[in-house]
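Text of the file entry.cif, holding mmCIF, C-alpha atoms and all ligand atoms:
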data_run
#
loop_
_atom_site.label_atom_id
_atom_site.label_comp_id
_atom_site.auth_asym_id
_atom_site.auth_seq_id
_atom_site.Cartn_x
_atom_site.Cartn_y
_atom_site.Cartn_z
CA MET A 273 11.55 1.69 -19.50
CA LYS A 274 8.18 3.35 -20.10
CA ILE A 275 7.48 5.85 -17.33
CA PHE A 276 4.37 7.96 -16.69
CA VAL A 277 5.04 11.19 -14.78
CA ALA A 278 2.32 13.27 -13.08
CA GLY A 279 3.63 16.71 -12.11
CA ALA A 280 6.13 16.73 -14.98
CA THR A 281 6.04 20.49 -15.49
CA GLY A 282 6.82 21.42 -11.86
CA ALA A 283 10.07 22.31 -10.10
CA VAL A 284 11.25 18.72 -9.72
CA GLY A 285 9.35 17.38 -12.73
CA ARG A 286 11.41 19.42 -15.21
CA PRO A 287 14.89 18.12 -14.23
CA LEU A 288 13.40 14.67 -13.67
CA ILE A 289 12.11 14.50 -17.23
CA ALA A 290 15.49 15.67 -18.55
CA GLN A 291 17.27 12.91 -16.56
CA LEU A 292 14.85 10.22 -17.67
CA ARG A 293 15.16 11.20 -21.33
CA ARG A 294 18.96 11.40 -21.08
CA LEU A 295 18.95 7.81 -19.86
CA GLY A 296 16.77 6.74 -22.77
CA HIS A 297 13.51 6.13 -20.92
CA ASP A 298 10.21 6.61 -22.76
CA VAL A 299 8.21 9.21 -20.88
CA VAL A 300 4.51 10.05 -20.90
CA ALA A 301 3.77 13.26 -18.98
CA LEU A 302 0.46 14.34 -17.47
CA SER A 303 -0.33 18.05 -17.70
CA ARG A 304 -3.47 20.14 -17.80
CA SER A 305 -2.03 22.35 -20.49
CA LYS A 306 -0.50 21.57 -23.87
CA GLU A 307 1.04 25.07 -23.91
CA LYS A 308 2.73 24.61 -20.53
CA ALA A 309 4.01 21.18 -21.55
CA GLN A 310 5.33 22.34 -24.95
CA THR A 311 8.98 22.06 -23.90
CA LEU A 312 8.35 18.45 -22.90
CA LEU A 313 7.16 17.68 -26.41
CA GLU A 314 10.44 19.12 -27.70
CA GLN A 315 12.29 16.68 -25.41
CA GLY A 316 10.55 13.75 -27.04
CA VAL A 317 8.00 13.25 -24.26
CA GLU A 318 4.50 12.05 -25.06
CA LEU A 319 1.79 14.20 -23.49
CA ALA A 320 -1.36 13.09 -21.68
CA ILE A 321 -3.55 16.16 -21.26
CA ALA A 322 -5.92 15.77 -18.30
CA ASP A 323 -6.81 17.26 -14.95
CA VAL A 324 -5.80 14.93 -12.14
CA PHE A 325 -9.19 15.43 -10.50
CA ASP A 326 -10.84 13.83 -13.52
CA ALA A 327 -10.42 10.22 -12.39
CA ASP A 328 -11.76 8.68 -15.61
CA ALA A 329 -9.48 10.76 -17.82
CA VAL A 330 -6.43 9.93 -15.69
CA LYS A 331 -7.30 6.24 -15.73
CA ALA A 332 -7.73 6.27 -19.51
CA ALA A 333 -4.40 8.11 -19.92
CA VAL A 334 -2.43 5.64 -17.80
CA ILE A 335 -4.08 2.61 -19.38
CA ARG A 336 -3.33 4.05 -22.82
CA ALA A 337 0.30 4.68 -21.88
CA GLN A 338 0.85 1.18 -20.38
CA PRO A 339 3.84 2.32 -18.31
CA GLU A 340 5.96 0.03 -16.19
CA VAL A 341 6.53 2.81 -13.65
CA VAL A 342 4.52 5.84 -12.47
CA ILE A 343 6.15 8.83 -10.76
CA GLU A 344 3.89 11.32 -8.95
CA GLN A 345 5.25 14.82 -8.34
CA LEU A 346 1.92 16.65 -8.01
CA THR A 347 1.71 19.73 -5.83
CA SER A 348 -0.23 22.93 -5.80
CA LEU A 349 2.12 25.25 -3.98
CA PRO A 350 2.44 29.00 -4.51
CA LYS A 351 5.40 30.76 -6.11
CA THR A 352 5.75 32.72 -2.85
CA TYR A 353 6.76 31.18 0.46
CA THR A 354 4.97 33.13 3.18
CA GLY A 355 2.67 32.04 5.99
CA GLU A 356 -0.21 33.69 4.18
CA SER A 357 0.41 32.23 0.72
CA MET A 358 1.03 28.77 2.15
CA SER A 359 -2.15 28.78 4.19
CA THR A 360 -4.17 30.03 1.20
CA ALA A 361 -2.76 27.17 -0.89
CA ALA A 362 -3.10 24.51 1.80
CA ALA A 363 -6.60 23.21 1.00
CA LEU A 364 -5.92 22.67 -2.71
CA ASN A 365 -2.48 21.25 -2.02
CA THR A 366 -3.97 18.74 0.41
CA ARG A 367 -6.67 17.88 -2.12
CA ILE A 368 -4.16 17.33 -4.88
CA ARG A 369 -2.08 15.06 -2.68
CA LEU A 370 -5.03 13.03 -1.39
CA GLU A 371 -7.62 13.03 -4.16
CA GLY A 372 -5.36 13.74 -7.14
CA GLY A 373 -2.82 11.22 -5.90
CA ALA A 374 -5.52 8.62 -5.26
CA ASN A 375 -6.72 8.99 -8.86
CA VAL A 376 -3.23 8.42 -10.25
CA LEU A 377 -2.63 5.47 -7.93
CA ALA A 378 -5.98 3.88 -8.88
CA ALA A 379 -5.16 4.40 -12.55
CA ALA A 380 -1.76 2.76 -12.04
CA GLN A 381 -3.41 -0.23 -10.38
CA ALA A 382 -5.92 -0.53 -13.23
CA ALA A 383 -3.08 -0.41 -15.76
CA GLY A 384 -1.05 -3.09 -13.96
CA VAL A 385 1.87 -0.76 -13.21
CA ARG A 386 4.79 -2.52 -11.51
CA ARG A 387 6.34 0.35 -9.54
CA TYR A 388 4.97 3.64 -8.22
CA LEU A 389 7.08 6.44 -6.72
CA ARG A 390 5.65 9.56 -5.15
CA GLN A 391 6.87 12.82 -3.71
CA SER A 392 6.81 13.07 0.08
CA ILE A 393 8.42 15.35 2.64
CA ALA A 394 11.40 15.12 4.99
CA PHE A 395 10.66 18.06 7.30
CA TRP A 396 8.49 16.55 9.96
CA ALA A 397 10.25 14.20 12.35
CA VAL A 398 9.43 14.66 16.00
CA PRO A 399 11.83 17.28 17.46
CA GLY A 400 14.80 15.75 19.27
CA THR A 401 18.52 15.39 19.17
CA GLY A 402 20.41 13.87 16.26
CA LEU A 403 19.14 13.25 12.76
CA ALA A 404 15.84 11.55 12.03
CA ASP A 405 15.72 8.46 9.87
CA GLU A 406 12.90 6.74 8.00
CA GLU A 407 11.66 5.07 11.20
CA THR A 408 11.51 8.20 13.36
CA THR A 409 8.04 9.15 14.60
CA LEU A 410 6.58 12.27 13.00
CA ALA A 411 5.66 15.45 14.92
CA PHE A 412 1.90 14.86 15.10
CA ASP A 413 1.57 17.40 17.92
CA ALA A 414 3.44 20.18 16.06
CA SER A 415 1.77 23.46 15.09
CA LYS A 416 -1.65 23.21 13.46
CA ALA A 417 -0.68 23.45 9.79
CA VAL A 418 2.39 21.25 10.21
CA ALA A 419 0.35 18.61 12.06
CA ALA A 420 -2.30 18.72 9.30
CA ASP A 421 0.36 18.24 6.62
CA ILE A 422 1.82 15.33 8.57
CA LEU A 423 -1.58 13.61 8.68
CA THR A 424 -1.91 14.07 4.91
CA VAL A 425 1.55 12.76 4.18
CA THR A 426 1.13 9.80 6.52
CA GLU A 427 -2.09 8.91 4.74
CA ILE A 428 -0.68 9.13 1.22
CA GLU A 429 2.40 7.13 2.17
CA ARG A 430 0.26 4.49 3.92
CA ARG A 431 -2.04 4.13 0.94
CA LEU A 432 0.85 3.70 -1.43
CA LEU A 433 2.82 1.27 0.69
CA GLU A 434 -0.29 -0.85 1.37
CA THR A 435 -1.39 -1.03 -2.26
CA PRO A 436 -1.19 -4.67 -3.30
CA ASN A 437 0.80 -5.76 -6.36
CA ILE A 438 2.64 -2.42 -6.68
CA GLU A 439 6.18 -1.69 -5.52
CA GLY A 440 5.53 1.58 -3.71
CA ILE A 441 8.32 4.04 -2.91
CA ALA A 442 7.80 7.31 -1.00
CA LEU A 443 10.60 9.82 -1.52
CA ARG A 444 10.76 12.23 1.39
CA TYR A 445 12.60 15.14 -0.16
CA GLY A 446 14.43 17.84 1.81
CA PHE A 447 13.95 21.56 1.13
CA PHE A 448 14.30 22.13 -2.58
CA TYR A 449 16.72 24.74 -3.81
CA GLY A 450 18.05 25.47 -7.28
CA PRO A 451 16.34 26.73 -10.46
CA GLY A 452 12.60 27.23 -10.24
CA THR A 453 12.45 26.99 -6.42
CA TRP A 454 11.71 29.55 -3.70
CA PHE A 455 15.43 29.63 -2.82
CA ALA A 456 16.81 30.35 -6.31
CA PRO A 457 18.38 33.84 -6.59
CA ASP A 458 15.26 34.91 -8.50
CA GLY A 459 12.93 33.05 -6.13
CA ASP A 460 10.61 34.41 -3.51
CA VAL A 461 12.68 33.67 -0.41
CA ALA A 462 15.73 35.35 -1.94
CA GLN A 463 13.59 38.41 -2.48
CA GLN A 464 12.35 38.32 1.11
CA VAL A 465 15.91 37.94 2.41
CA ARG A 466 17.05 40.96 0.36
CA GLN A 467 14.25 42.95 1.96
CA GLN A 468 15.07 41.59 5.44
CA GLN A 469 11.64 39.99 5.59
CA PHE A 470 12.86 36.48 6.43
CA PRO A 471 14.12 36.56 10.03
CA ILE A 472 15.96 34.16 12.28
CA VAL A 473 13.40 33.12 14.90
CA GLY A 474 14.63 32.87 18.51
CA ASN A 475 18.14 31.49 18.44
CA GLY A 476 17.57 29.87 15.02
CA GLU A 477 18.19 26.31 16.11
CA GLY A 478 15.69 24.61 13.79
CA VAL A 479 17.66 22.23 11.56
CA TRP A 480 16.88 22.18 7.81
CA SER A 481 17.85 19.41 5.44
CA TRP A 482 18.37 20.58 1.87
CA LEU A 483 18.15 19.07 -1.58
CA HIS A 484 19.21 20.53 -4.91
CA ILE A 485 16.43 20.04 -7.40
CA GLU A 486 18.79 18.22 -9.79
CA ASP A 487 19.81 15.85 -6.97
CA ALA A 488 16.11 15.20 -6.31
CA ALA A 489 15.80 14.14 -9.94
CA ILE A 490 18.96 11.97 -9.78
CA ALA A 491 17.80 10.20 -6.59
CA THR A 492 14.35 9.64 -8.07
CA VAL A 493 15.78 7.97 -11.16
CA ALA A 494 18.01 5.80 -8.94
CA ALA A 495 14.92 4.79 -6.95
CA VAL A 496 13.09 3.93 -10.18
CA GLU A 497 15.95 1.67 -11.21
CA ARG A 498 17.07 0.07 -7.94
CA GLY A 499 15.09 1.34 -4.93
CA ASN A 500 13.42 -1.08 -2.57
CA PRO A 501 9.73 -0.60 -1.75
CA GLY A 502 9.34 1.68 1.29
CA ILE A 503 10.39 5.14 2.38
CA TYR A 504 13.60 7.03 1.55
CA LEU A 505 14.77 10.31 3.01
CA ILE A 506 16.37 12.20 0.12
CA THR A 507 18.37 15.04 1.62
CA ASP A 508 21.87 16.43 1.41
CA ASP A 509 24.81 15.61 3.69
CA GLN A 510 24.79 18.73 5.78
CA PRO A 511 21.62 19.55 7.74
CA LEU A 512 22.09 23.09 9.04
CA GLU A 513 20.60 25.25 11.76
CA VAL A 514 18.62 28.20 10.44
CA ARG A 515 21.03 30.70 11.99
CA VAL A 516 23.85 29.12 9.96
CA TRP A 517 22.23 28.59 6.56
CA LEU A 518 20.20 31.80 6.59
CA SER A 519 23.18 33.99 7.44
CA ALA A 520 25.27 32.30 4.73
CA TYR A 521 22.39 32.55 2.26
CA ALA A 522 22.07 36.30 2.88
CA ARG A 523 25.84 36.74 2.31
CA TRP A 524 25.64 34.66 -0.89
CA LEU A 525 22.85 36.92 -2.15
CA ASN A 526 24.79 40.05 -1.13
CA ALA A 527 21.81 40.87 1.05
CA PRO A 528 21.93 42.51 4.50
CA PRO A 529 22.23 40.12 7.46
CA PRO A 530 18.87 38.55 8.38
CA PRO A 531 17.06 40.24 11.26
CA GLN A 532 16.37 38.27 14.43
CA VAL A 533 12.96 38.10 16.13
CA SER A 534 11.99 36.51 19.42
CA VAL A 535 9.79 33.43 19.54
CA GLU A 536 7.04 35.60 21.07
CA GLN A 537 7.28 38.12 18.22
CA ALA A 538 7.27 35.34 15.62
CA LEU A 539 4.22 33.75 17.25
CA GLN A 540 2.38 37.06 17.07
CA VAL A 541 3.40 38.09 13.57
CA SER A 542 3.87 34.81 11.69
CA GLY A 543 2.27 32.14 13.85
CA ALA A 544 3.28 28.79 15.30
CA ASP A 545 4.40 27.26 12.00
CA ALA A 546 7.17 29.85 11.64
CA VAL A 547 8.34 28.94 15.14
CA TYR A 548 8.32 25.25 14.24
CA TYR A 549 10.42 25.75 11.09
CA GLY A 550 12.68 28.28 12.77
CA THR A 551 13.39 26.60 16.08
CA GLN A 552 12.12 23.01 16.26
CA MET A 553 12.63 21.31 12.94
CA ARG A 554 14.95 18.33 12.98
CA GLY A 555 17.45 17.37 10.32
CA ALA A 556 17.15 14.12 8.37
CA SER A 557 19.67 11.39 7.68
CA ASN A 558 20.25 10.33 4.06
CA ALA A 559 22.16 7.18 5.10
CA LYS A 560 19.62 4.78 3.58
CA ALA A 561 19.57 6.65 0.26
CA LYS A 562 23.37 6.66 0.15
CA ARG A 563 23.53 2.97 0.98
CA GLU A 564 20.79 1.68 -1.31
CA LEU A 565 20.65 4.26 -4.10
CA ASN A 566 24.32 5.28 -4.12
CA PHE A 567 23.04 8.81 -3.61
CA GLN A 568 25.80 11.44 -3.64
CA PRO A 569 24.25 14.85 -3.05
CA ARG A 570 26.13 18.05 -3.77
CA GLN A 571 27.03 20.57 -1.08
CA LEU A 572 24.51 23.32 -0.42
CA GLU A 573 25.12 25.97 -3.09
CA TRP A 574 25.63 28.93 -0.81
CA MET A 575 27.77 27.02 1.70
CA VAL A 576 30.18 26.10 -1.13
CA ASP A 577 30.56 29.78 -1.93
CA THR A 578 30.96 30.60 1.76
CA ALA A 579 33.79 28.06 2.07
CA VAL A 580 35.49 29.51 -1.01
CA ALA A 581 35.06 33.05 0.28
CA CYS A 582 36.46 32.10 3.69
CA ALA A 583 39.39 30.25 2.16
CA SER A 584 40.38 33.11 -0.15
N1 LIG A 601 10.40 19.65 -0.71
C1 LIG A 601 10.24 20.93 -1.05
O1 LIG A 601 10.98 21.81 -0.60
C2 LIG A 601 9.18 21.29 -2.03
C3 LIG A 601 8.30 20.34 -2.56
C4 LIG A 601 7.40 20.73 -3.55
C5 LIG A 601 7.37 22.05 -3.98
N2 LIG A 601 8.22 22.95 -3.40
C6 LIG A 601 8.26 24.33 -3.89
O2 LIG A 601 7.00 24.79 -4.27
C7 LIG A 601 7.12 25.67 -5.38
C8 LIG A 601 6.17 25.21 -6.47
O3 LIG A 601 6.46 23.82 -6.76
P1 LIG A 601 6.23 23.20 -8.17
O4 LIG A 601 7.03 23.94 -9.18
O5 LIG A 601 6.45 21.70 -8.11
O6 LIG A 601 4.69 23.46 -8.35
P2 LIG A 601 3.92 23.67 -9.67
O7 LIG A 601 4.67 24.44 -10.67
O8 LIG A 601 2.58 24.12 -9.27
O9 LIG A 601 3.91 22.17 -10.26
C9 LIG A 601 3.05 21.23 -9.78
C10 LIG A 601 2.89 20.12 -10.78
O10 LIG A 601 1.67 19.49 -10.46
C11 LIG A 601 0.85 19.48 -11.62
N3 LIG A 601 -0.54 19.71 -11.27
C12 LIG A 601 -1.01 20.58 -10.36
N4 LIG A 601 -2.37 20.53 -10.34
C13 LIG A 601 -2.74 19.61 -11.28
C14 LIG A 601 -3.98 19.12 -11.73
N5 LIG A 601 -5.14 19.55 -11.21
N6 LIG A 601 -3.98 18.19 -12.71
C15 LIG A 601 -2.82 17.74 -13.25
N7 LIG A 601 -1.61 18.16 -12.85
C16 LIG A 601 -1.57 19.10 -11.88
C17 LIG A 601 1.32 20.62 -12.50
O11 LIG A 601 1.01 20.27 -13.84
P3 LIG A 601 0.38 21.29 -14.92
O12 LIG A 601 0.38 22.66 -14.31
O13 LIG A 601 1.29 21.16 -16.09
O14 LIG A 601 -1.00 20.76 -15.17
C18 LIG A 601 2.81 20.62 -12.23
O15 LIG A 601 3.47 19.72 -13.07
C19 LIG A 601 8.59 25.63 -5.81
O16 LIG A 601 9.28 26.73 -5.29
C20 LIG A 601 9.12 24.37 -5.15
O17 LIG A 601 10.49 24.48 -4.81
C21 LIG A 601 9.11 22.61 -2.45
#

Show how you would write the structure in this file as structure tokens.
Ligand SMILES: NC(=O)c1ccc[n+]([C@@H]2O[C@H](COP(=O)([O-])OP(=O)(O)OC[C@H]3O[C@@H](n4cnc5c(N)ncnc54)[C@H](OP(=O)(O)O)[C@@H]3O)[C@@H](O)[C@H]2O)c1
Amino acid sequence: MKIFVAGATGAVGRPLIAQLRRLGHDVVALSRSKEKAQTLLEQGVELAIADVFDADAVKAAVIRAQPEVVIEQLTSLPKTYTGESMSTAAALNTRIRLEGGANVLAAAQAAGVRRYLRQSIAFWAVPGTGLADEETTLAFDASKAVAADILTVTEIERRLLETPNIEGIALRYGFFYGPGTWFAPDGDVAQQVRQQQFPIVGNGEGVWSWLHIEDAAIATVAAVERGNPGIYLITDDQPLEVRVWLSAYARWLNAPPPPQVSVEQALQVSGADAVYYGTQMRGASNAKAKRELNFQPRQLEWMVDTAVACAS
């Protein structure tokens, strides 16, 4: 199959391209920089050099490529994961999702693309008991930045799923971990945890759903090949409360135990978003992805090691 990938050089783009090439797909990758995309060339990928905000250039690139499928993995997120860096990046990240994404989608329509898959996010179901599924309402009244992100994501998913004549699939990924992510041993969160800068907030009952970056790529390829139009939550099998995963993560990194701060302290120092992620976030169910995509995610890297350490 001929597949056009926007965001091919990012954290999920890199393993995705490797998977697609391994399976024999022809890939055209959008990047702003020939230098950055050099390794893609070496993998036999054709490059389309353009800025996603240049609608005409993107349209010309997709029409030239004539792909059957487009995959959009565009983000503009920082290499550090702090309240400050995320809020500095927020405006451009929103713009890339809305305006950049709209340009790629319009180009796909103009080129007569059959199927379009895009990155979306699994973190934002309304707080409650049990796991959220694809139908669960989102937390529109969450903290300011979370609520703003939810509005953006709702809009980009709506646009895609309502686009006529295209099979649209939104992949709501869990928290990425693995090479090139914030949670890799050389990533920013690992560094913060080593310095005891990443605390458990309150009693740490926010539930996080995880996704290894390679599993994100595997699920995406499965959705290309046999997904049904609509939304999929792509997360691992073991959503975990912050107090559980963060303590295990610190042990795995040989870091000191994470400090604990009260909700009031977190509100003062880090703001309402930190409280949302630390105490209110709800885990997501991957049942649909397992059923329809035969998705078989691996166990969270540092929980595997914890189990081994406990058993020995
Ligand atoms: N679900 C999650 O947990 C989640 C989701 C996304 C990201 N993250 C985290 O965020 C961090 C950074 O993510 P990342 O590696 O994907 O980001 P990144 O390295 O900034 O990659 C973003 C991709 O978007 C493309 N892009 C950005 N602006 C563009 C533009 N104007 N025109 C064309 N293409 C553009 C980039 O292409 P070029 O630079 O080649 O042009 C690149 O391929 C990582 O730690 C990752 O784990 C987490």

Could you produce a table of the residues of stretch 463-558 of chain A lying within 6 Å of stretch 445-448 of chain A, with the nearest pair of atoms per residue and their separation in Å rounded to one decimal, using only C-alpha atoms, ordered by chain and increasing residue number, as a tab-separated table?
residue	atom	partner	partner_atom	distance
A:Ser481	CA	A:Gly446	CA	5.2
A:Trp482	CA	A:Phe447	CA	4.6
A:Leu483	CA	A:Phe448	CA	5.0
A:His484	CA	A:Phe448	CA	5.7
A:Ile485	CA	A:Phe448	CA	5.7
A:Ile506	CA	A:Tyr445	CA	4.8
A:Thr507	CA	A:Gly446	CA	4.8

Q | Exercise answer, 7 Å around ligand LIG 601 (chain A) with only C-alpha atoms and all ligand atoms, as a ChimeraX atom specification | A | /A:278-285,302-305,308-309,322-325,345-351,368,393,445-449,452-454

So which residues are close to (16.4, 18.3, -14.5), meaning at most 12 Å away in the file's coordinates with all atoms listed in the file counted, and can you show them as a PDB file with C-alpha atoms, keeping the file's coordinate frame?
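Dumped everything to part-v7.pdb:
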ATOM      1  CA  ALA A 280       6.130  16.730 -14.980  1.00  0.00           C
ATOM      2  CA  THR A 281       6.040  20.490 -15.490  1.00  0.00           C
ATOM      3  CA  GLY A 282       6.820  21.420 -11.860  1.00  0.00           C
ATOM      4  CA  ALA A 283      10.070  22.310 -10.100  1.00  0.00           C
ATOM      5  CA  VAL A 284      11.250  18.720  -9.720  1.00  0.00           C
ATOM      6  CA  GLY A 285       9.350  17.380 -12.730  1.00  0.00           C
ATOM      7  CA  ARG A 286      11.410  19.420 -15.210  1.00  0.00           C
ATOM      8  CA  PRO A 287      14.890  18.120 -14.230  1.00  0.00           C
ATOM      9  CA  LEU A 288      13.400  14.670 -13.670  1.00  0.00           C
ATOM     10  CA  ILE A 289      12.110  14.500 -17.230  1.00  0.00           C
ATOM     11  CA  ALA A 290      15.490  15.670 -18.550  1.00  0.00           C
ATOM     12  CA  GLN A 291      17.270  12.910 -16.560  1.00  0.00           C
ATOM     13  CA  LEU A 292      14.850  10.220 -17.670  1.00  0.00           C
ATOM     14  CA  ARG A 293      15.160  11.200 -21.330  1.00  0.00           C
ATOM     15  CA  ARG A 294      18.960  11.400 -21.080  1.00  0.00           C
ATOM     16  CA  LEU A 312       8.350  18.450 -22.900  1.00  0.00           C
ATOM     17  CA  GLN A 315      12.290  16.680 -25.410  1.00  0.00           C
ATOM     18  CA  GLY A 450      18.050  25.470  -7.280  1.00  0.00           C
ATOM     19  CA  PRO A 451      16.340  26.730 -10.460  1.00  0.00           C
ATOM     20  CA  GLY A 452      12.600  27.230 -10.240  1.00  0.00           C
ATOM     21  CA  HIS A 484      19.210  20.530  -4.910  1.00  0.00           C
ATOM     22  CA  ILE A 485      16.430  20.040  -7.400  1.00  0.00           C
ATOM     23  CA  GLU A 486      18.790  18.220  -9.790  1.00  0.00           C
ATOM     24  CA  ASP A 487      19.810  15.850  -6.970  1.00  0.00           C
ATOM     25  CA  ALA A 488      16.110  15.200  -6.310  1.00  0.00           C
ATOM     26  CA  ALA A 489      15.800  14.140  -9.940  1.00  0.00           C
ATOM     27  CA  ILE A 490      18.960  11.970  -9.780  1.00  0.00           C
ATOM     28  CA  ALA A 491      17.800  10.200  -6.590  1.00  0.00           C
ATOM     29  CA  THR A 492      14.350   9.640  -8.070  1.00  0.00           C
ATOM     30  CA  VAL A 493      15.780   7.970 -11.160  1.00  0.00           C
TER      31      VAL A 493
END

Practice problem: Point out the residue among A:Val541, A:Ala442, A:Leu313, A:Ala394 with the least atom-to-atom distance to A:Ile422, counting only C-alpha atoms. | Solution: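 Among the listed residues, A:Ala394 lies closest to A:Ile422.
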
Counting all atoms listed in the file, the residue among A:Val334, A:Ala362, A:Leu370, A:Ile472 that lies closest to A:Trp517 is A:Ile472

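If you count only C-alpha atoms and draw a sphere of 7 Å around (-5.4, 8.3, -16.7), the protein and nucleic acid residues inside it come out as Ala327, Asp328, Ala329, Val330, Lys331, Ala332, Ala333, Val334, Ile335, Val376 and Ala379 of chain A.
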
I need the residues from that last selection saved to file as a compact mmCIF listing (two decimals), in the coordinates of the input (with C-alpha atoms), if you can.
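What follows is the written file result.txt:
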# COMPACT_ATOMS: atom_id res chain seq x y z
CA ALA A 327 -10.42 10.22 -12.39
CA ASP A 328 -11.76 8.68 -15.61
CA ALA A 329 -9.48 10.76 -17.82
CA VAL A 330 -6.43 9.93 -15.69
CA LYS A 331 -7.30 6.24 -15.73
CA ALA A 332 -7.73 6.27 -19.51
CA ALA A 333 -4.40 8.11 -19.92
CA VAL A 334 -2.43 5.64 -17.80
CA ILE A 335 -4.08 2.61 -19.38
CA VAL A 376 -3.23 8.42 -10.25
CA ALA A 379 -5.16 4.40 -12.55
